Amino acid sequence: MAKDLLFEIGLEEVPARFVRAAVNQLRERVEKWLADSRIGHGGVTAYATPRRLAVLARAVEEKQSDVSEEVKGPSRKIAQDAEGGWSKAALGFARSQGVEPEQLFFKELAGVEYVYAVKSSLGVDTASVLSDGLDGIVHAMTFPKNMRWGSYELKFVRPIKWLLALYGTDVVPLEIAGVRSGNVSRGHRFLGEETAVAEPAAYVEALRSQHVIVDIAERERLIVEGIEALAAEKGWTISIKDDLLEEVLFLVETPTVLFGSFDPAFLDIPQEVLITSMREHQRYFPVLDSAGKLLPFFVTVRNGDAVSLENVAKGNEKVLRARLSDAKFFYAEDQKLHIADALRKLETIVYHEELGTVADKVGRIVALTGRIAAAASAEPHAAAAAARAAEICKFDLVTQMVYEFPELQGIMGEDYARKAGEDEAVAKAINEHYQPRFSGDTAPASLPGALVSLADKLDTIVGCFSIGIVPTGSQDPYALRRQAAGIVQTLMAHELPVRLGELFDLALDIHEQRGLKRSRSDIRKELYDFFALRLKNVLTEQGNRYDVIEAALAAGFDDLTLTVKRAAILLARAAGPEQGEFKTVVDALTRSANLAAKAESDAAVDASRLEAGAERGLHEAYEHVSGPYRKALEAGDAATALGLLTELREPITAFFDSVMVMAEDEAVRRNRLALLSAISRDAARYADFSKLVWA
């Protein structure tokens, strides 16, 4: 008979940002241990609050399943000696499998006989292995930051205060860091008490009676419903950001939504400042009107019941008043700082010991912005705005507001620049040059913002690569992957006529002036490989198939915009209603490429040696489409280019149907291969069609 298994680790308050990953890890480790231990079950559910991580495994079998499997050993040639007896290798194999030599037998595999043993293992009672299993799971858990306490060797996210371990109604005996397991959990720190859990299935309700909602999804639903109900009642728009909701979710055990207010005079400060202060310092949800304008109210979530909410609101209002007063002071003081003075301060801030100060970086951004603007043929007004924005793009880093709230960099720069009398396009570009700030964020909307954004991100990436800082595995402390994705996104959004290789060279030229620590060619190759992966991710996010992505990238991706267009058109043709017809085009081009591989490189076609009929017809068709095809690609017209390639299907098919390519006459053979090679070289500029997969 199967029984439920409940395991709860009671802790001192865990940082909210660690809780979900920790409880997911606990669930995954329990699932893996049950599977590895051959213990069947009906699924594992995770529960968590700031003070506990718990799992409930339902219908856990009372006994491990028996196992009997054939294990392959050495071949007969190795397993037997000259007299036909067992060799040392065979005897060692028998010992390793726990069987007697006479139990070994031979079986043929792929024409070779091997010695085999049947390895059997009888399952033991689940209860007898639970203690060691749970102990091993706890000791194996890892966290971003660990603690040790007392004289115990265990490192855990926070000190363990209690353990609840039940298999059915029986306590699983366990002791970790001086804490013994039992059937008792603890309720809300102030509203609840210790409570005995009679059986695993009673866990959720037992904690509910002690003012703890352990079900993560239920607690989140209560918070969201409470906020939405308040918004409907007051006619407010309450912004619920996922990251703030996630943090609040793991700060409370019994959520109660309430609201408070603040002095409307604070609304003279930019609302981004007020919202950031509320979110980052107090974990409050800002309140907006229907037009998105901030109102002098806030919403928060109490870790407790609805008793004396008025007093709780007043306490929160008092704390927020102090926070907003600080912000108001910083905002007023920052406006006394002249931009020129702020720029001089950047000369004292080290950006990187090998890449100079922030002022040095700004100098490189200025130079690179000008060169990118020229390469993109930006019109004079946009180029001038970008140049000025590049000069002052980092000045707000020395302001008190950005020092207090780093996430406001750029936002405050835009506001302060506008107040200092800078052109609107310049002020906007200062903010935009940080975009996209995160996955899912938009690219800069204005061209000046896009130009400075490209220069800033490109300088960071090329600078890091030039001194050997290249992301490996999951390590990316300078967020170079995100910045490369931002470059790709910005180039695509504005369809700038600048190739990746040109961008690399522009940045390398500037960094070369200070001296490169590594070979320029090595850096350039690594940059291409790095951006290929970023582009592949972008194309995948757009819904492209892996084979389409591989086919498009194989033709090169220096022109990002054209590469994306080629992939989109390939996908539409390969997966659309005309895919059967398109497959015949692909087959013709692929067959041509396969034979063209035997041609002498860059051999020219001798038209005088072409025979009448299909051979001359293919050459004439190719001559007709090749020029317009190349012009279409150069113009970024991927649809027209593929349409022109499609026109070669019938001439290619007719050519193969009536012409012997590998003719005995060497000159004729070379000429025919040269024709196919010319066609294949042009087709390869669009895609490697052989990589497309057909269902």
# chains A, B, ... in the order shown; residues from 1 in each chain; ligands from 1
$ residues_around --residues "His619 (chain A)" --least-positions-apart "4" --cutoff "9 Å" --atoms "only C-alpha atoms" --output "PDB file with all heavy atoms, in the first residue's frame"
ATOM      1  N   VAL A 605      32.980  29.840 -67.169  1.00  0.00           N
ATOM      2  CA  VAL A 605      32.213  29.080 -68.155  1.00  0.00           C
ATOM      3  C   VAL A 605      32.594  29.569 -69.555  1.00  0.00           C
ATOM      4  O   VAL A 605      32.598  30.777 -69.835  1.00  0.00           O
ATOM      5  CB  VAL A 605      30.696  29.262 -67.933  1.00  0.00           C
ATOM      6  CG1 VAL A 605      29.906  28.498 -68.993  1.00  0.00           C
ATOM      7  CG2 VAL A 605      30.308  28.822 -66.533  1.00  0.00           C
ATOM      8  N   ALA A 607      31.299  29.805 -73.000  1.00  0.00           N
ATOM      9  CA  ALA A 607      30.007  29.699 -73.689  1.00  0.00           C
ATOM     10  C   ALA A 607      30.129  28.990 -75.029  1.00  0.00           C
ATOM     11  O   ALA A 607      29.177  28.358 -75.494  1.00  0.00           O
ATOM     12  CB  ALA A 607      29.408  31.090 -73.893  1.00  0.00           C
ATOM     13  N   LEU A 610      29.402  25.225 -74.943  1.00  0.00           N
ATOM     14  CA  LEU A 610      28.077  24.758 -74.531  1.00  0.00           C
ATOM     15  C   LEU A 610      27.331  24.183 -75.721  1.00  0.00           C
ATOM     16  O   LEU A 610      27.301  24.775 -76.810  1.00  0.00           O
ATOM     17  CB  LEU A 610      27.278  25.914 -73.933  1.00  0.00           C
ATOM     18  CG  LEU A 610      27.845  26.538 -72.652  1.00  0.00           C
ATOM     19  CD1 LEU A 610      27.052  27.775 -72.267  1.00  0.00           C
ATOM     20  CD2 LEU A 610      27.828  25.519 -71.505  1.00  0.00           C
ATOM     21  N   ALA A 614      19.355  21.835 -73.582  1.00  0.00           N
ATOM     22  CA  ALA A 614      19.218  22.090 -72.146  1.00  0.00           C
ATOM     23  C   ALA A 614      20.451  22.750 -71.558  1.00  0.00           C
ATOM     24  O   ALA A 614      20.349  23.578 -70.647  1.00  0.00           O
ATOM     25  CB  ALA A 614      18.928  20.779 -71.419  1.00  0.00           C
ATOM     26  N   GLU A 615      21.641  22.398 -72.076  1.00  0.00           N
ATOM     27  CA  GLU A 615      22.867  22.964 -71.517  1.00  0.00           C
ATOM     28  C   GLU A 615      22.931  24.460 -71.798  1.00  0.00           C
ATOM     29  O   GLU A 615      23.167  25.262 -70.894  1.00  0.00           O
ATOM     30  CB  GLU A 615      24.086  22.260 -72.123  1.00  0.00           C
ATOM     31  CG  GLU A 615      25.394  22.732 -71.528  1.00  0.00           C
ATOM     32  CD  GLU A 615      26.576  21.927 -72.050  1.00  0.00           C
ATOM     33  OE1 GLU A 615      26.387  21.084 -72.965  1.00  0.00           O
ATOM     34  OE2 GLU A 615      27.694  22.151 -71.537  1.00  0.00           O
ATOM     35  N   GLU A 623      22.337  33.418 -66.871  1.00  0.00           N
ATOM     36  CA  GLU A 623      22.797  34.750 -67.255  1.00  0.00           C
ATOM     37  C   GLU A 623      21.673  35.778 -67.106  1.00  0.00           C
ATOM     38  O   GLU A 623      21.915  36.934 -66.755  1.00  0.00           O
ATOM     39  CB  GLU A 623      23.288  34.730 -68.704  1.00  0.00           C
ATOM     40  CG  GLU A 623      24.612  34.002 -68.899  1.00  0.00           C
ATOM     41  CD  GLU A 623      25.782  34.800 -68.334  1.00  0.00           C
ATOM     42  OE1 GLU A 623      25.987  35.941 -68.782  1.00  0.00           O
ATOM     43  OE2 GLU A 623      26.453  34.275 -67.423  1.00  0.00           O
ATOM     44  N   HIS A 624      20.449  35.322 -67.329  1.00  0.00           N
ATOM     45  CA  HIS A 624      19.295  36.218 -67.246  1.00  0.00           C
ATOM     46  C   HIS A 624      18.992  36.626 -65.800  1.00  0.00           C
ATOM     47  O   HIS A 624      18.619  37.778 -65.546  1.00  0.00           O
ATOM     48  CB  HIS A 624      18.070  35.531 -67.873  1.00  0.00           C
ATOM     49  CG  HIS A 624      16.801  36.314 -67.725  1.00  0.00           C
ATOM     50  ND1 HIS A 624      16.544  37.479 -68.421  1.00  0.00           N
ATOM     51  CD2 HIS A 624      15.701  36.094 -66.936  1.00  0.00           C
ATOM     52  CE1 HIS A 624      15.358  37.943 -68.070  1.00  0.00           C
ATOM     53  NE2 HIS A 624      14.824  37.129 -67.179  1.00  0.00           N
ATOM     54  N   PRO A 651      15.085  24.954 -65.747  1.00  0.00           N
ATOM     55  CA  PRO A 651      16.292  24.764 -66.568  1.00  0.00           C
ATOM     56  C   PRO A 651      17.278  23.779 -65.946  1.00  0.00           C
ATOM     57  O   PRO A 651      17.918  22.999 -66.675  1.00  0.00           O
ATOM     58  CB  PRO A 651      16.892  26.174 -66.630  1.00  0.00           C
ATOM     59  CG  PRO A 651      15.737  27.095 -66.419  1.00  0.00           C
ATOM     60  CD  PRO A 651      14.840  26.383 -65.456  1.00  0.00           C
ATOM     61  N   LEU A 675      29.640  25.725 -64.862  1.00  0.00           N
ATOM     62  CA  LEU A 675      28.308  26.324 -64.912  1.00  0.00           C
ATOM     63  C   LEU A 675      27.541  26.026 -63.619  1.00  0.00           C
ATOM     64  O   LEU A 675      26.939  26.927 -63.020  1.00  0.00           O
ATOM     65  CB  LEU A 675      27.547  25.781 -66.131  1.00  0.00           C
ATOM     66  CG  LEU A 675      26.073  26.203 -66.251  1.00  0.00           C
ATOM     67  CD1 LEU A 675      25.947  27.723 -66.302  1.00  0.00           C
ATOM     68  CD2 LEU A 675      25.441  25.561 -67.495  1.00  0.00           C
TER      69      LEU A 675
END
$ residues_around --residues "Gly617 (chain A)" --least-positions-apart "3" --cutoff "9 Å" --atoms "only C-alpha atoms" --output "list in words"
Ala612, Gly613, Ala614, Glu620, Ala621, Tyr622, Pro651, Ala654 and Phe655 of chain A
$ residues_around --residues "Lys517 (chain A)" --least-positions-apart "5" --cutoff "12 Å" --atoms "only C-alpha atoms" --output "list in words"
Glu354, Leu355, Val462, Gly463, Cys464, Phe465, Ser466, Ile467, Gly468, Ile469, Leu508, His511, Glu512, Asp522 and Ile523 of chain A
$ closest_residue --among "A:Phe531, A:Trp236, A:Tyr152, A:Phe18" --to "Gly486 (chain A)" --atoms "only C-alpha atoms"
A:Phe531
$ closest_atom_pairs --of "region 334-391 of chain A" --to "region 395-399 of chain A" --cutoff "12 Å" --atoms "only C-alpha atoms" --output "CSV"
residue,atom,partner,partner_atom,distance
A:Asp334,CA,A:Thr399,CA,5.8
A:Gln335,CA,A:Thr399,CA,8.9
A:Lys336,CA,A:Thr399,CA,10.1
A:Leu337,CA,A:Thr399,CA,8.0
A:His338,CA,A:Phe395,CA,9.5
A:Ile339,CA,A:Phe395,CA,6.5
A:Ala340,CA,A:Phe395,CA,8.4
A:Asp341,CA,A:Phe395,CA,8.8
A:Ala342,CA,A:Phe395,CA,5.4
A:Leu343,CA,A:Phe395,CA,5.4
A:Arg344,CA,A:Phe395,CA,8.9
A:Lys345,CA,A:Val398,CA,7.1
A:Leu346,CA,A:Val398,CA,7.3
A:Glu347,CA,A:Phe395,CA,10.9
A:Thr348,CA,A:Val398,CA,10.4
A:Ile349,CA,A:Val398,CA,9.2
A:Tyr351,CA,A:Leu397,CA,11.7
A:Val358,CA,A:Leu397,CA,9.5
A:Ala359,CA,A:Phe395,CA,9.4
A:Val362,CA,A:Phe395,CA,9.5
A:Arg388,CA,A:Phe395,CA,12.0
A:Ala389,CA,A:Phe395,CA,10.2
A:Ala390,CA,A:Phe395,CA,10.1
A:Glu391,CA,A:Phe395,CA,8.7
$ select_by_dssp --residues "region 42-173 of chain A" --states "strand (DSSP E or B)" --output "PyMOL selection string"
chain A and resi 44-49+52-60+63+67-75+80+86+105-109+112-121+125+147+156+160-167+170-171
$ residues_around --residues "Gln400 (chain A)" --least-positions-apart "6" --cutoff "10 Å" --atoms "only C-alpha atoms" --output "PyMOL selection string"
chain A and resi 327+329-334+406
$ write_last_selection --atoms "all heavy atoms" --output "PDB file, in the first residue's frame"
ATOM      1  N   ALA A 327      14.599  61.487  -1.725  1.00  0.00           N
ATOM      2  CA  ALA A 327      14.610  61.563  -3.186  1.00  0.00           C
ATOM      3  C   ALA A 327      14.431  63.004  -3.656  1.00  0.00           C
ATOM      4  O   ALA A 327      15.091  63.449  -4.603  1.00  0.00           O
ATOM      5  CB  ALA A 327      13.502  60.681  -3.760  1.00  0.00           C
ATOM      6  N   PHE A 329      15.280  65.691  -2.065  1.00  0.00           N
ATOM      7  CA  PHE A 329      16.519  66.413  -1.785  1.00  0.00           C
ATOM      8  C   PHE A 329      17.580  66.098  -2.842  1.00  0.00           C
ATOM      9  O   PHE A 329      18.234  67.001  -3.377  1.00  0.00           O
ATOM     10  CB  PHE A 329      17.030  66.047  -0.392  1.00  0.00           C
ATOM     11  CG  PHE A 329      18.392  66.600  -0.080  1.00  0.00           C
ATOM     12  CD1 PHE A 329      18.550  67.930   0.269  1.00  0.00           C
ATOM     13  CD2 PHE A 329      19.525  65.792  -0.153  1.00  0.00           C
ATOM     14  CE1 PHE A 329      19.813  68.455   0.547  1.00  0.00           C
ATOM     15  CE2 PHE A 329      20.781  66.304   0.124  1.00  0.00           C
ATOM     16  CZ  PHE A 329      20.924  67.639   0.477  1.00  0.00           C
ATOM     17  N   PHE A 330      17.747  64.808  -3.146  1.00  0.00           N
ATOM     18  CA  PHE A 330      18.731  64.415  -4.160  1.00  0.00           C
ATOM     19  C   PHE A 330      18.414  65.071  -5.502  1.00  0.00           C
ATOM     20  O   PHE A 330      19.309  65.550  -6.202  1.00  0.00           O
ATOM     21  CB  PHE A 330      18.737  62.889  -4.343  1.00  0.00           C
ATOM     22  CG  PHE A 330      19.210  62.124  -3.133  1.00  0.00           C
ATOM     23  CD1 PHE A 330      18.736  60.838  -2.886  1.00  0.00           C
ATOM     24  CD2 PHE A 330      20.118  62.670  -2.251  1.00  0.00           C
ATOM     25  CE1 PHE A 330      19.162  60.122  -1.790  1.00  0.00           C
ATOM     26  CE2 PHE A 330      20.558  61.955  -1.142  1.00  0.00           C
ATOM     27  CZ  PHE A 330      20.067  60.686  -0.913  1.00  0.00           C
ATOM     28  N   TYR A 331      17.141  65.080  -5.850  1.00  0.00           N
ATOM     29  CA  TYR A 331      16.720  65.629  -7.140  1.00  0.00           C
ATOM     30  C   TYR A 331      17.049  67.120  -7.226  1.00  0.00           C
ATOM     31  O   TYR A 331      17.552  67.599  -8.252  1.00  0.00           O
ATOM     32  CB  TYR A 331      15.222  65.393  -7.317  1.00  0.00           C
ATOM     33  CG  TYR A 331      14.678  65.797  -8.658  1.00  0.00           C
ATOM     34  CD1 TYR A 331      15.124  65.183  -9.825  1.00  0.00           C
ATOM     35  CD2 TYR A 331      13.694  66.774  -8.768  1.00  0.00           C
ATOM     36  CE1 TYR A 331      14.618  65.537 -11.061  1.00  0.00           C
ATOM     37  CE2 TYR A 331      13.183  67.138  -9.999  1.00  0.00           C
ATOM     38  CZ  TYR A 331      13.645  66.519 -11.147  1.00  0.00           C
ATOM     39  OH  TYR A 331      13.138  66.879 -12.375  1.00  0.00           O
ATOM     40  N   ALA A 332      16.789  67.853  -6.146  1.00  0.00           N
ATOM     41  CA  ALA A 332      17.076  69.290  -6.139  1.00  0.00           C
ATOM     42  C   ALA A 332      18.574  69.552  -6.187  1.00  0.00           C
ATOM     43  O   ALA A 332      19.047  70.443  -6.910  1.00  0.00           O
ATOM     44  CB  ALA A 332      16.463  69.936  -4.891  1.00  0.00           C
ATOM     45  N   GLU A 333      19.360  68.769  -5.434  1.00  0.00           N
ATOM     46  CA  GLU A 333      20.809  68.962  -5.403  1.00  0.00           C
ATOM     47  C   GLU A 333      21.445  68.631  -6.746  1.00  0.00           C
ATOM     48  O   GLU A 333      22.368  69.311  -7.196  1.00  0.00           O
ATOM     49  CB  GLU A 333      21.429  68.095  -4.301  1.00  0.00           C
ATOM     50  CG  GLU A 333      21.150  68.569  -2.897  1.00  0.00           C
ATOM     51  CD  GLU A 333      21.734  69.946  -2.634  1.00  0.00           C
ATOM     52  OE1 GLU A 333      22.962  70.105  -2.780  1.00  0.00           O
ATOM     53  OE2 GLU A 333      20.953  70.870  -2.314  1.00  0.00           O
ATOM     54  N   ASP A 334      20.949  67.581  -7.406  1.00  0.00           N
ATOM     55  CA  ASP A 334      21.522  67.171  -8.692  1.00  0.00           C
ATOM     56  C   ASP A 334      21.406  68.269  -9.738  1.00  0.00           C
ATOM     57  O   ASP A 334      22.283  68.420 -10.600  1.00  0.00           O
ATOM     58  CB  ASP A 334      20.825  65.911  -9.208  1.00  0.00           C
ATOM     59  CG  ASP A 334      21.297  64.654  -8.483  1.00  0.00           C
ATOM     60  OD1 ASP A 334      22.345  64.720  -7.812  1.00  0.00           O
ATOM     61  OD2 ASP A 334      20.605  63.621  -8.591  1.00  0.00           O
ATOM     62  N   PRO A 406      20.815  53.014  -9.007  1.00  0.00           N
ATOM     63  CA  PRO A 406      21.546  52.795 -10.269  1.00  0.00           C
ATOM     64  C   PRO A 406      20.639  52.486 -11.455  1.00  0.00           C
ATOM     65  O   PRO A 406      20.983  52.782 -12.601  1.00  0.00           O
ATOM     66  CB  PRO A 406      22.456  51.607  -9.937  1.00  0.00           C
ATOM     67  CG  PRO A 406      22.631  51.670  -8.446  1.00  0.00           C
ATOM     68  CD  PRO A 406      21.325  52.163  -7.919  1.00  0.00           C
TER      69      PRO A 406
END
$ select_by_dssp --residues "region 135-377 of chain A" --states "alpha helix (DSSP H)" --output "ChimeraX atom specification"
/A:135-140,203-208,216-234,242-249,271-277,309-334,339-345,358-375
$ closest_residue --among "A:Glu424, A:Glu414, A:Glu193, A:Asp4" --to "Ala57 (chain A)" --atoms "only C-alpha atoms"
A:Asp4
